[in-house]
$ cat final18.txt   # compact mmCIF, C-alpha atoms and all ligand atoms
# COMPACT_ATOMS: atom_id res chain seq x y z
CA MET A 79 14.90 24.71 2.66
CA PRO A 80 12.88 26.38 -0.08
CA GLY A 81 10.75 23.90 -1.99
CA ASP A 82 10.36 21.52 0.94
CA VAL A 83 6.87 20.33 1.77
CA THR A 84 5.64 19.08 5.12
CA CYS A 85 3.26 16.15 5.29
CA LEU A 86 0.71 16.56 8.08
CA LEU A 87 -0.83 13.14 7.80
CA CYS A 88 0.91 11.34 10.63
CA PRO A 89 2.87 12.24 13.76
CA ARG A 90 6.16 12.04 11.89
CA ARG A 91 5.30 15.29 10.09
CA CYS A 92 8.00 14.65 7.51
CA ARG A 93 9.60 17.66 5.95
CA ILE A 94 10.29 16.43 2.44
CA PRO A 95 12.83 18.05 0.14
CA PRO A 96 12.13 18.21 -3.60
CA GLY A 97 12.45 14.83 -5.28
CA ALA A 98 12.42 12.89 -2.02
CA ALA A 99 9.84 10.83 -0.12
CA GLY A 100 8.64 10.86 3.46
CA ASP A 101 9.46 8.16 5.97
CA CYS A 102 6.69 5.94 4.61
CA ARG A 103 8.38 6.11 1.17
CA VAL A 104 5.18 6.69 -0.78
CA ARG A 105 4.46 10.38 -0.22
CA VAL A 106 6.74 12.34 -2.48
CA ASN A 107 7.60 15.97 -3.06
CA LEU A 108 7.37 16.39 -6.83
CA ASP A 109 7.97 19.96 -7.91
CA GLY A 110 6.78 21.33 -4.58
CA ARG A 111 3.61 19.26 -4.60
CA LEU A 112 3.01 16.45 -2.14
CA LEU A 113 1.93 13.40 -4.09
CA ALA A 114 0.75 10.01 -2.94
CA VAL A 115 2.50 8.04 -5.65
CA THR A 116 0.74 4.73 -4.97
CA TYR A 117 -2.72 6.21 -5.53
CA GLY A 118 -4.79 3.63 -7.43
CA ARG A 119 -1.84 1.24 -7.64
CA PRO A 120 -2.27 -1.61 -5.16
CA VAL A 121 0.47 -4.19 -4.79
CA ALA A 122 -1.79 -6.83 -3.20
CA VAL A 123 -5.42 -7.58 -4.04
CA HIS A 124 -7.26 -10.57 -2.59
CA VAL A 125 -10.68 -11.76 -1.51
CA ASP A 126 -10.40 -12.83 2.14
CA PRO A 127 -12.72 -14.08 4.85
CA MET A 128 -13.75 -11.31 7.25
CA GLU A 129 -12.34 -13.43 10.08
CA LYS A 130 -8.83 -13.10 8.66
CA LYS A 131 -8.67 -9.33 9.34
CA PRO A 132 -9.59 -10.38 12.13
CA LEU A 133 -13.05 -8.77 12.49
CA PHE A 134 -15.34 -11.01 14.53
CA HIS A 135 -18.33 -8.75 15.24
CA PHE A 136 -18.76 -7.39 11.73
CA LEU A 137 -20.65 -9.43 9.11
CA PRO A 138 -19.36 -12.84 10.26
CA GLY A 139 -18.53 -15.18 7.41
CA ALA A 140 -18.69 -12.46 4.73
CA GLU A 141 -16.05 -12.21 2.06
CA ILE A 142 -14.10 -8.99 1.99
CA PHE A 143 -12.21 -7.52 -0.94
CA SER A 144 -8.81 -6.65 0.50
CA LEU A 145 -6.09 -4.49 -0.94
CA ALA A 146 -2.95 -2.52 -0.12
CA THR A 147 -0.33 -0.41 -1.76
CA VAL A 148 3.27 -0.53 -0.56
CA GLY A 149 4.38 1.70 2.33
CA CYS A 150 4.02 2.08 6.07
CA ASN A 151 4.77 4.81 8.58
CA LEU A 152 5.83 2.31 11.25
CA HIS A 153 8.77 -0.05 10.96
CA CYS A 154 8.07 -2.97 13.27
CA ILE A 155 11.04 -5.30 13.36
CA HIS A 156 8.69 -8.30 13.37
CA CYS A 157 6.42 -7.12 10.54
CA GLN A 158 4.83 -10.12 8.84
CA ASN A 159 4.22 -8.22 5.60
CA TRP A 160 7.56 -6.42 5.50
CA GLU A 161 8.22 -7.26 1.83
CA ILE A 162 5.50 -4.80 0.84
CA SER A 163 5.19 -2.56 3.92
CA GLN A 164 8.88 -1.62 3.95
CA ALA A 165 9.26 -1.28 0.18
CA ASP A 166 9.76 1.59 -2.21
CA PRO A 167 6.92 2.32 -4.65
CA GLY A 168 8.83 1.03 -7.66
CA GLU A 169 10.03 -2.16 -6.05
CA HIS A 170 7.05 -4.39 -6.83
CA ASP A 171 4.73 -4.83 -9.78
CA VAL A 172 1.33 -3.27 -9.12
CA TYR A 173 -2.21 -3.25 -10.50
CA ASP A 174 -4.08 -0.35 -12.01
CA LEU A 175 -7.15 -0.11 -9.79
CA PRO A 176 -8.56 3.39 -9.40
CA PRO A 177 -11.19 3.91 -6.67
CA ASP A 178 -14.28 3.32 -8.84
CA ARG A 179 -12.76 0.09 -10.16
CA VAL A 180 -12.09 -1.10 -6.61
CA ALA A 181 -15.81 -0.80 -5.93
CA ALA A 182 -16.78 -2.37 -9.26
CA VAL A 183 -14.43 -5.35 -8.94
CA ALA A 184 -15.38 -5.92 -5.29
CA ALA A 185 -19.06 -5.95 -6.21
CA HIS A 186 -18.38 -8.21 -9.19
CA GLU A 187 -16.58 -10.65 -6.88
CA GLY A 188 -19.67 -10.78 -4.66
CA CYS A 189 -17.99 -9.14 -1.67
CA ARG A 190 -20.04 -7.15 0.83
CA ALA A 191 -17.15 -5.08 2.06
CA VAL A 192 -13.76 -3.71 1.10
CA ALA A 193 -10.71 -3.64 3.41
CA TRP A 194 -7.71 -1.32 3.19
CA THR A 195 -5.23 -3.63 4.82
CA TYR A 196 -1.93 -5.61 4.72
CA THR A 197 0.31 -2.52 4.97
CA GLU A 198 -0.87 0.85 6.36
CA PRO A 199 -3.84 2.58 4.72
CA ILE A 200 -2.97 5.90 6.34
CA VAL A 201 0.03 6.39 4.06
CA PHE A 202 -2.13 5.93 0.96
CA TYR A 203 -4.78 8.09 2.57
CA GLU A 204 -6.25 9.67 -0.59
CA TYR A 205 -6.74 6.27 -2.21
CA THR A 206 -8.31 4.87 0.96
CA TYR A 207 -10.61 7.86 1.24
CA ASP A 208 -11.72 8.05 -2.39
CA GLY A 209 -12.01 4.27 -2.63
CA SER A 210 -14.17 4.18 0.48
CA VAL A 211 -16.48 6.84 -0.92
CA ALA A 212 -16.79 4.87 -4.18
CA CYS A 213 -17.50 1.65 -2.29
CA ARG A 214 -20.18 3.20 -0.15
CA GLU A 215 -21.87 4.58 -3.25
CA ARG A 216 -22.16 0.97 -4.43
CA GLY A 217 -23.58 -0.16 -1.10
CA LEU A 218 -20.36 -1.84 0.06
CA LYS A 219 -19.11 -1.54 3.63
CA THR A 220 -15.65 -0.13 4.22
CA VAL A 221 -13.03 -1.52 6.58
CA LEU A 222 -9.66 -0.27 7.77
CA VAL A 223 -6.93 -2.51 9.11
CA SER A 224 -4.56 0.00 10.61
CA ALA A 225 -2.07 0.72 13.35
CA GLY A 226 -3.72 4.10 13.86
CA TYR A 227 -0.50 6.12 13.73
CA ALA A 228 -2.18 9.21 12.30
CA ASN A 229 -2.80 12.82 13.14
CA PRO A 230 -6.26 13.54 14.57
CA ARG A 231 -7.61 15.79 11.82
CA PRO A 232 -7.09 13.59 8.76
CA TRP A 233 -7.90 10.51 10.83
CA ARG A 234 -11.26 11.87 11.95
CA ARG A 235 -12.08 12.78 8.37
CA LEU A 236 -11.23 9.26 7.20
CA CYS A 237 -13.41 7.78 9.95
CA GLY A 238 -16.35 9.54 8.29
CA VAL A 239 -16.21 7.11 5.36
CA ILE A 240 -15.27 3.94 7.27
CA ASP A 241 -17.73 1.41 8.72
CA ALA A 242 -15.39 -0.83 10.70
CA ALA A 243 -11.77 -0.99 11.74
CA ILE A 244 -9.40 -3.45 13.30
CA LEU A 245 -6.85 -1.30 15.08
CA ASP A 246 -3.49 -2.71 16.03
CA LEU A 247 -2.45 -1.58 19.49
CA LYS A 248 1.07 -2.97 19.60
CA ALA A 249 1.59 -2.64 23.34
CA PHE A 250 0.53 -0.34 26.12
CA SER A 251 4.11 0.91 26.27
CA ASP A 252 5.72 3.91 24.65
CA ALA A 253 9.11 2.20 24.96
CA HIS A 254 7.84 -0.74 22.92
CA TYR A 255 6.59 1.60 20.20
CA ARG A 256 9.93 3.37 20.07
CA GLU A 257 12.18 0.30 20.25
CA VAL A 258 10.20 -2.19 18.19
CA CYS A 259 8.07 -0.12 15.83
CA GLY A 260 9.78 3.24 15.47
CA GLY A 261 6.69 5.12 16.64
CA THR A 262 5.00 6.40 19.78
CA LEU A 263 2.01 5.24 21.79
CA ALA A 264 -0.03 8.40 22.49
CA PRO A 265 -1.18 9.12 18.89
CA VAL A 266 -2.37 5.54 18.53
CA LEU A 267 -4.49 5.72 21.68
CA GLU A 268 -5.99 8.97 20.47
CA ALA A 269 -6.77 7.51 17.04
CA ILE A 270 -8.54 4.51 18.57
CA ARG A 271 -10.55 6.81 20.83
CA ILE A 272 -11.51 9.03 17.90
CA ALA A 273 -12.59 6.10 15.72
CA HIS A 274 -14.85 4.87 18.53
CA GLU A 275 -16.21 8.36 19.10
CA GLU A 276 -16.95 8.75 15.37
CA GLY A 277 -19.12 5.64 15.40
CA VAL A 278 -16.79 3.32 13.49
CA TRP A 279 -17.26 -0.28 14.64
CA ILE A 280 -13.81 -1.06 16.09
CA GLU A 281 -11.99 -4.12 17.33
CA VAL A 282 -8.55 -3.93 18.91
CA LEU A 283 -5.67 -6.27 18.13
CA ASN A 284 -2.69 -6.89 20.39
CA LEU A 285 0.09 -9.12 19.08
CA LEU A 286 2.03 -10.61 21.98
CA VAL A 287 5.77 -10.89 21.40
CA PRO A 288 7.56 -13.10 23.95
CA THR A 289 9.70 -11.05 26.38
CA ARG A 290 8.84 -7.81 24.53
CA ASN A 291 5.22 -7.05 25.42
CA ASP A 292 3.77 -10.18 27.00
CA ASP A 293 4.22 -8.97 30.58
CA PRO A 294 0.84 -9.44 32.35
CA ALA A 295 1.15 -5.89 33.74
CA LEU A 296 1.19 -4.51 30.19
CA VAL A 297 -1.84 -6.58 29.26
CA ASP A 298 -3.64 -5.30 32.36
CA ALA A 299 -2.81 -1.69 31.48
CA LEU A 300 -4.10 -2.14 27.94
CA VAL A 301 -7.32 -3.73 29.17
CA ASP A 302 -7.82 -1.02 31.80
CA TRP A 303 -7.44 1.65 29.16
CA MET A 304 -9.92 -0.09 26.88
CA LEU A 305 -12.48 -0.46 29.66
CA THR A 306 -12.15 3.17 30.71
CA THR A 307 -12.00 4.72 27.24
CA LEU A 308 -14.04 2.39 25.03
CA GLY A 309 -16.21 0.41 27.45
CA PRO A 310 -16.51 -3.37 27.81
CA ASP A 311 -18.06 -4.17 24.41
CA VAL A 312 -15.14 -3.43 22.08
CA PRO A 313 -13.62 -6.82 21.21
CA LEU A 314 -9.94 -7.48 21.88
CA HIS A 315 -7.90 -10.00 19.89
CA PHE A 316 -4.66 -11.45 21.19
CA THR A 317 -2.58 -12.85 18.36
CA ALA A 318 0.63 -14.81 18.16
CA PHE A 319 4.02 -13.56 17.07
CA HIS A 320 5.99 -15.58 14.51
CA PRO A 321 9.70 -14.99 13.98
CA ASP A 322 10.01 -12.82 10.89
CA TYR A 323 11.87 -9.93 9.25
CA ARG A 324 14.41 -8.59 11.75
CA LEU A 325 13.14 -10.37 14.83
CA LYS A 326 13.97 -14.01 14.31
CA ASN A 327 15.70 -14.79 17.58
CA LEU A 328 12.50 -15.14 19.61
CA PRO A 329 10.20 -18.17 19.70
CA PRO A 330 6.57 -18.01 18.53
CA THR A 331 4.13 -16.93 21.24
CA PRO A 332 3.01 -20.00 23.20
CA THR A 333 -0.73 -20.64 23.14
CA ARG A 334 -0.77 -20.65 26.95
CA THR A 335 0.45 -17.02 26.98
CA LEU A 336 -2.41 -15.97 24.72
CA LEU A 337 -4.99 -17.89 26.71
CA ALA A 338 -3.68 -16.46 30.00
CA ALA A 339 -3.95 -12.93 28.59
CA ARG A 340 -7.51 -13.66 27.49
CA LYS A 341 -8.39 -14.91 30.96
CA ARG A 342 -7.03 -11.75 32.56
CA ALA A 343 -8.89 -9.49 30.11
CA LEU A 344 -12.19 -11.31 30.63
CA GLY A 345 -11.65 -11.29 34.38
CA ALA A 346 -11.10 -7.53 34.29
CA GLY A 347 -14.45 -7.01 32.60
CA LEU A 348 -14.06 -7.01 28.80
CA HIS A 349 -16.99 -8.88 27.23
CA HIS A 350 -15.33 -10.26 24.09
CA VAL A 351 -11.73 -11.42 24.05
CA TYR A 352 -10.37 -13.66 21.30
CA VAL A 353 -7.23 -15.61 20.62
CA GLY A 354 -6.02 -16.28 17.10
CA ASN A 355 -4.35 -19.48 15.95
CA VAL A 356 -6.12 -21.89 18.29
CA PRO A 357 -8.60 -23.42 15.82
CA GLY A 358 -11.72 -24.90 17.29
CA GLY A 359 -11.16 -23.49 20.74
CA GLU A 360 -13.65 -21.50 22.77
CA ALA A 361 -11.36 -18.46 22.43
CA GLU A 362 -12.37 -17.93 18.82
CA CYS A 363 -16.14 -18.22 19.38
CA THR A 364 -18.48 -15.41 20.42
CA TRP A 365 -20.28 -15.96 23.70
CA CYS A 366 -23.24 -14.10 25.16
CA PRO A 367 -21.89 -11.74 27.83
CA ALA A 368 -25.10 -12.25 29.86
CA CYS A 369 -25.98 -15.97 29.71
CA HIS A 370 -22.74 -17.35 28.20
CA ALA A 371 -24.46 -19.20 25.36
CA ARG A 372 -22.31 -19.75 22.29
CA LEU A 373 -23.60 -17.37 19.62
CA VAL A 374 -21.03 -17.53 16.81
CA HIS A 375 -19.14 -20.77 16.31
CA ARG A 376 -15.84 -20.34 14.46
CA VAL A 377 -13.12 -22.75 13.50
CA GLY A 378 -10.15 -20.96 12.02
CA TYR A 379 -11.51 -18.52 9.45
CA ARG A 380 -14.73 -20.50 9.00
CA VAL A 381 -18.03 -19.59 10.63
CA LEU A 382 -19.94 -22.81 11.35
CA GLU A 383 -22.91 -21.11 12.99
CA ASN A 384 -24.02 -17.51 13.48
CA ARG A 385 -27.04 -17.28 15.78
CA LEU A 386 -26.98 -13.47 15.75
CA ALA A 387 -27.58 -12.95 12.03
CA ALA A 388 -31.33 -13.51 12.18
CA THR A 389 -31.90 -11.71 15.47
CA GLY A 390 -30.15 -8.42 14.75
CA GLY A 391 -27.57 -9.23 17.39
CA ARG A 392 -29.92 -10.38 20.18
CA CYS A 393 -28.98 -13.51 22.05
CA PRO A 394 -31.68 -16.09 21.18
CA GLU A 395 -31.37 -17.57 24.70
CA CYS A 396 -31.68 -14.51 26.94
CA GLY A 397 -32.39 -11.55 24.66
CA ALA A 398 -29.23 -9.62 25.55
CA GLN A 399 -27.97 -7.35 22.77
CA VAL A 400 -24.48 -8.22 21.59
CA ALA A 401 -22.48 -5.31 20.22
CA GLY A 402 -21.50 -5.52 16.56
CA VAL A 403 -22.85 -5.52 13.00
CA TRP A 404 -24.29 -8.96 12.44
CA ALA A 405 -26.08 -9.02 9.08
CA MET B 120 -9.31 14.64 -3.63
CA ASP B 121 -5.86 16.13 -3.92
CA PRO B 122 -3.09 14.97 -4.12
CA VAL B 123 -3.99 12.53 -6.85
CA HIS B 124 -1.94 10.00 -8.66
CA PRO B 125 0.05 11.73 -11.36
CA GLU B 126 0.09 10.35 -14.85
CA PRO B 127 2.61 7.56 -15.43
CA SER B 128 4.39 9.78 -17.92
CA LEU B 129 5.80 11.68 -14.98
CA PRO B 130 9.05 9.79 -14.41
CA SER B 131 10.75 12.05 -16.91
CA ALA B 132 9.72 15.02 -14.79
CA LEU B 133 11.37 13.39 -11.81
CA CYS B 134 14.86 14.07 -12.97
CA ARG B 135 14.10 17.55 -14.18
CA GLY B 136 17.07 19.55 -12.89
CA ARG B 137 19.95 17.83 -11.22
CA ARG B 138 19.85 20.38 -8.44
CA ALA B 139 16.65 18.87 -7.03
CA CYS B 140 18.17 15.40 -7.06
CA LEU B 141 21.32 16.64 -5.40
CA GLY B 142 19.26 18.51 -2.83
CA ALA B 143 17.32 15.36 -2.06
CA LEU B 144 20.46 13.32 -1.62
CA LEU B 145 22.01 15.92 0.64
CA ALA B 146 18.86 16.13 2.72
CA LEU B 147 18.73 12.35 3.07
CA ALA B 148 22.36 12.31 4.10
CA VAL B 149 21.73 14.62 7.06
CA LEU B 150 18.55 12.90 8.27
CA PRO B 151 18.92 11.61 11.82
CA ILE B 152 20.39 8.14 11.99
CA GLY B 153 19.29 5.42 14.33
CA ARG B 154 15.69 5.11 13.25
CA LEU B 155 14.39 1.68 12.41
CA SER B 156 13.79 2.08 8.70
CA GLY B 157 12.38 4.47 6.13
CA PRO B 158 13.93 5.55 2.84
CA THR B 159 17.50 4.43 2.41
CA PRO B 160 19.87 7.39 2.44
CA GLY B 161 21.81 7.77 -0.77
CA ARG B 162 19.61 5.42 -2.74
CA ARG B 163 17.13 6.95 -5.09
CA PRO B 164 13.90 4.96 -5.16
CA ARG B 165 11.85 4.43 -8.28
CA TRP B 166 8.43 5.98 -7.78
CA TRP B 167 6.64 4.14 -10.58
CA ALA B 168 6.19 0.41 -10.71
CA ARG B 169 5.36 -1.88 -13.61
CA VAL B 170 1.58 -2.18 -13.94
CA LEU B 171 0.13 -5.67 -14.46
CA PRO B 172 -3.43 -6.73 -15.27
CA LEU B 173 -5.48 -7.76 -12.24
CA PRO B 174 -5.45 -11.56 -11.79
CA THR B 175 -8.76 -13.25 -12.51
CA HIS B 176 -8.48 -15.54 -9.49
CA LEU B 177 -8.37 -13.54 -6.25
CA ARG B 178 -9.31 -16.13 -3.65
CA GLY B 179 -7.26 -18.34 -1.36
CA GLY B 180 -3.73 -19.27 -0.63
CA HIS B 181 -1.76 -16.12 0.04
CA PRO B 182 0.41 -15.58 3.09
CA LEU B 183 -0.18 -11.88 3.87
CA ALA B 184 -1.30 -11.05 7.38
CA GLY B 185 -4.37 -8.86 7.87
S1 LIG C 1 2.38 9.85 6.15
FE1 LIG C 1 4.46 9.41 5.42
S2 LIG C 1 5.23 11.34 4.60
FE2 LIG C 1 3.41 11.84 5.83
S3 LIG C 1 4.25 12.37 7.84
FE3 LIG C 1 3.76 10.19 7.91
S4 LIG C 1 5.63 9.07 7.31
FE4 LIG C 1 5.89 11.25 6.74
ZN ZN C 2 -27.66 -14.67 26.31
$ encode --input "final18.txt" --output "structure tokens" --more "lines below"
Ligand code: SF4
Ligand SMILES: [Zn+2]
Amino acid sequence: MPGDVTCLLCPRRCRIPPGAAGDCRVRVNLDGRLLAVTYGRPVAVHVDPMEKKPLFHFLPGAEIFSLATVGCNLHCIHCQNWEISQADPGEHDVYDLPPDRVAAVAAHEGCRAVAWTYTEPIVFYEYTYDGSVACRERGLKTVLVSAGYANPRPWRRLCGVIDAAILDLKAFSDAHYREVCGGTLAPVLEAIRIAHEEGVWIEVLNLLVPTRNDDPALVDALVDWMLTTLGPDVPLHFTAFHPDYRLKNLPPTPTRTLLAARKRALGAGLHHVYVGNVPGGEAECTWCPACHARLVHRVGYRVLENRLAATGGRCPECGAQVAGVWA
Amino acid sequence: MDPVHPEPSLPSALCRGRRACLGALLALAVLPIGRLSGPTPGRRPRWWARVLPLPTHLRGGHPLAG
């Protein structure tokens, strides 16, 4: 139709008629111009611990200024932040926080880094990009928390202004992406590969949903892909599902499922595999892949000891270099 | 970087011409059904939200994941 615009940002490639929005609800065709209507208008702004993202090999214990606008280009039926991710731009009150103010407020709050998180930073791409540039100019690190459902060109460009990312790989199954998230697997794998290639420090997150993606064969396939494509040093986090949004008929993921997945992943050769929601356990500490000394001691979101900060990431016991950004 | 956030005075421009609105509604009505979510067909979203001052206390105690 004349006047339609096509958004090339993510694999949906929405063709948007005048006055309408794309599937993510926040990219709008106004008078033939594609506009990101949540630019500079976050709906959530908080100072979080780095461990909450969860990033474990990137400035442990640092505080991170975290923000999101509404909107997402996936529609997971178990989304924990669905009130804002699956909302229209006018549905919630917002803050006026243009990119330079993000950097200024984050610095004022004493944060060392800024995270584009909670919903999906790809859909507010221009804000994420400009905000990241402004943050870097102030000496702040930039972090993405994303599901990586993006097209390669804009994604690669964004990677150029991002220091670290926690990338949510929902399952090593295209069927799971289609049935549970309304997306597809291949673009996500490509985005993770590109981020790694571009030198972004990445960690991968896999949320295990009972009966949906907790099959050991799926975990093995995901781990195999990581080993082959990213190598053994990219950390993997298994996290627990909680009944929420439109998936309330399943129980929370049992801790034993998460620990079993971790055991398989470590056994296959990944060096750093973590489990969320088991405070105080060995599965949330960082261990030397060579001598198995405990190097970062975490309990929940708190870092009790970080033996890598002073050594630039070298194990004080055996001298092995541990991958990550430690100070 | 373009596109940028338009000025908040723009809502009036949104309804410029009923043809555009009608076109949008028609297009939404013929979008494929069966997807998990996305814009609700037939319901016109508000693009602009109420803007509040940033809270002074930004730490602790919120339930958002990530
Ligand atoms: S970013 Fe939004 S508008 Fe653009 S293609 Fe993806 S879902 Fe559609
Ligand atoms: Zn060691």
$ residues_near_ligand --input "final18.txt" --ligand "ligand ZN 2 (chain C)" --cutoff "8 Å" --atoms "all atoms listed in the file" --output "PyMOL selection string"
chain A and resi 365-371+392-398
$ atom_distance --input "final18.txt" --atom1 "atom CA of A:Val356" --atom2 "atom CA of A:Pro330"
13.3 Å
$ residues_near_ligand --input "final18.txt" --ligand "ligand LIG 1 (chain C)" --cutoff "6 Å" --atoms "all atoms listed in the file" --output "ChimeraX atom specification"
/A:85-88,90-92,100-102,105,151,201
$ closest_residue --input "final18.txt" --among "A:Asp174, A:Asp82, A:Asp241, A:Glu198" --to "chain B" --atoms "only C-alpha atoms"
A:Asp174
$ interface_residues --input "final18.txt" --of "chain A" --to "chain B" --cutoff "6 Å" --atoms "only C-alpha atoms" --output "PyMOL selection string"
chain A and resi 95-98+101+103+113+115+117+124-125+131+153+159+167-168+171-173+196+260
$ residues_around --input "final18.txt" --residues "A:Leu263" --least-positions-apart "3" --cutoff "9 Å" --atoms "only C-alpha atoms" --output "PyMOL selection string"
chain A and resi 227+247-256+266-268
$ atom_distance --input "final18.txt" --atom1 "atom CA of A:Leu112" --atom2 "atom CA of A:Cys150"
16.6 Å
$ closest_residue --input "final18.txt" --among "A:Val374, A:Ala191, A:Ala273, A:Val180" --to "A:Asp126" --atoms "only C-alpha atoms"
A:Ala191
$ atom_distance --input "final18.txt" --atom1 "atom CA of A:Ala361" --atom2 "atom CA of A:Leu337"
7.7 Å
$ residues_near_point --input "final18.txt" --point "(-20.5, 2.9, 14.4)" --cutoff "9 Å" --atoms "all atoms listed in the file" --output "list in words"
Ile240, Asp241, Ala242, Ala273, His274, Glu275, Glu276, Gly277, Val278, Trp279, Ile280, Gly402 and Val403 of chain A
$ residues_around --input "final18.txt" --residues "A:Ala182" --least-positions-apart "3" --cutoff "9 Å" --atoms "only C-alpha atoms" --output "ChimeraX atom specification"
/A:177-179,185-187,212-213,216
$ write_last_selection --input "final18.txt" --atoms "C-alpha atoms" --output "mmCIF file, keeping the file's coordinate frame"
data_model
loop_
_atom_site.group_PDB
_atom_site.id
_atom_site.type_symbol
_atom_site.label_atom_id
_atom_site.label_comp_id
_atom_site.auth_asym_id
_atom_site.auth_seq_id
_atom_site.Cartn_x
_atom_site.Cartn_y
_atom_site.Cartn_z
ATOM 1 C CA PRO A 177 -11.190 3.910 -6.670
ATOM 2 C CA ASP A 178 -14.280 3.320 -8.840
ATOM 3 C CA ARG A 179 -12.760 0.090 -10.160
ATOM 4 C CA ALA A 185 -19.060 -5.950 -6.210
ATOM 5 C CA HIS A 186 -18.380 -8.210 -9.190
ATOM 6 C CA GLU A 187 -16.580 -10.650 -6.880
ATOM 7 C CA ALA A 212 -16.790 4.870 -4.180
ATOM 8 C CA CYS A 213 -17.500 1.650 -2.290
ATOM 9 C CA ARG A 216 -22.160 0.970 -4.430
#
$ residues_around --input "final18.txt" --residues "A:His349" --least-positions-apart "6" --cutoff "10 Å" --atoms "only C-alpha atoms" --output "list in words"
Leu305, Gly309, Pro310, Asp311, Val312, Pro313, Leu314, Ala343, Thr364, Trp365, Cys366, Pro367, Ala368, Val400 and Ala401 of chain A
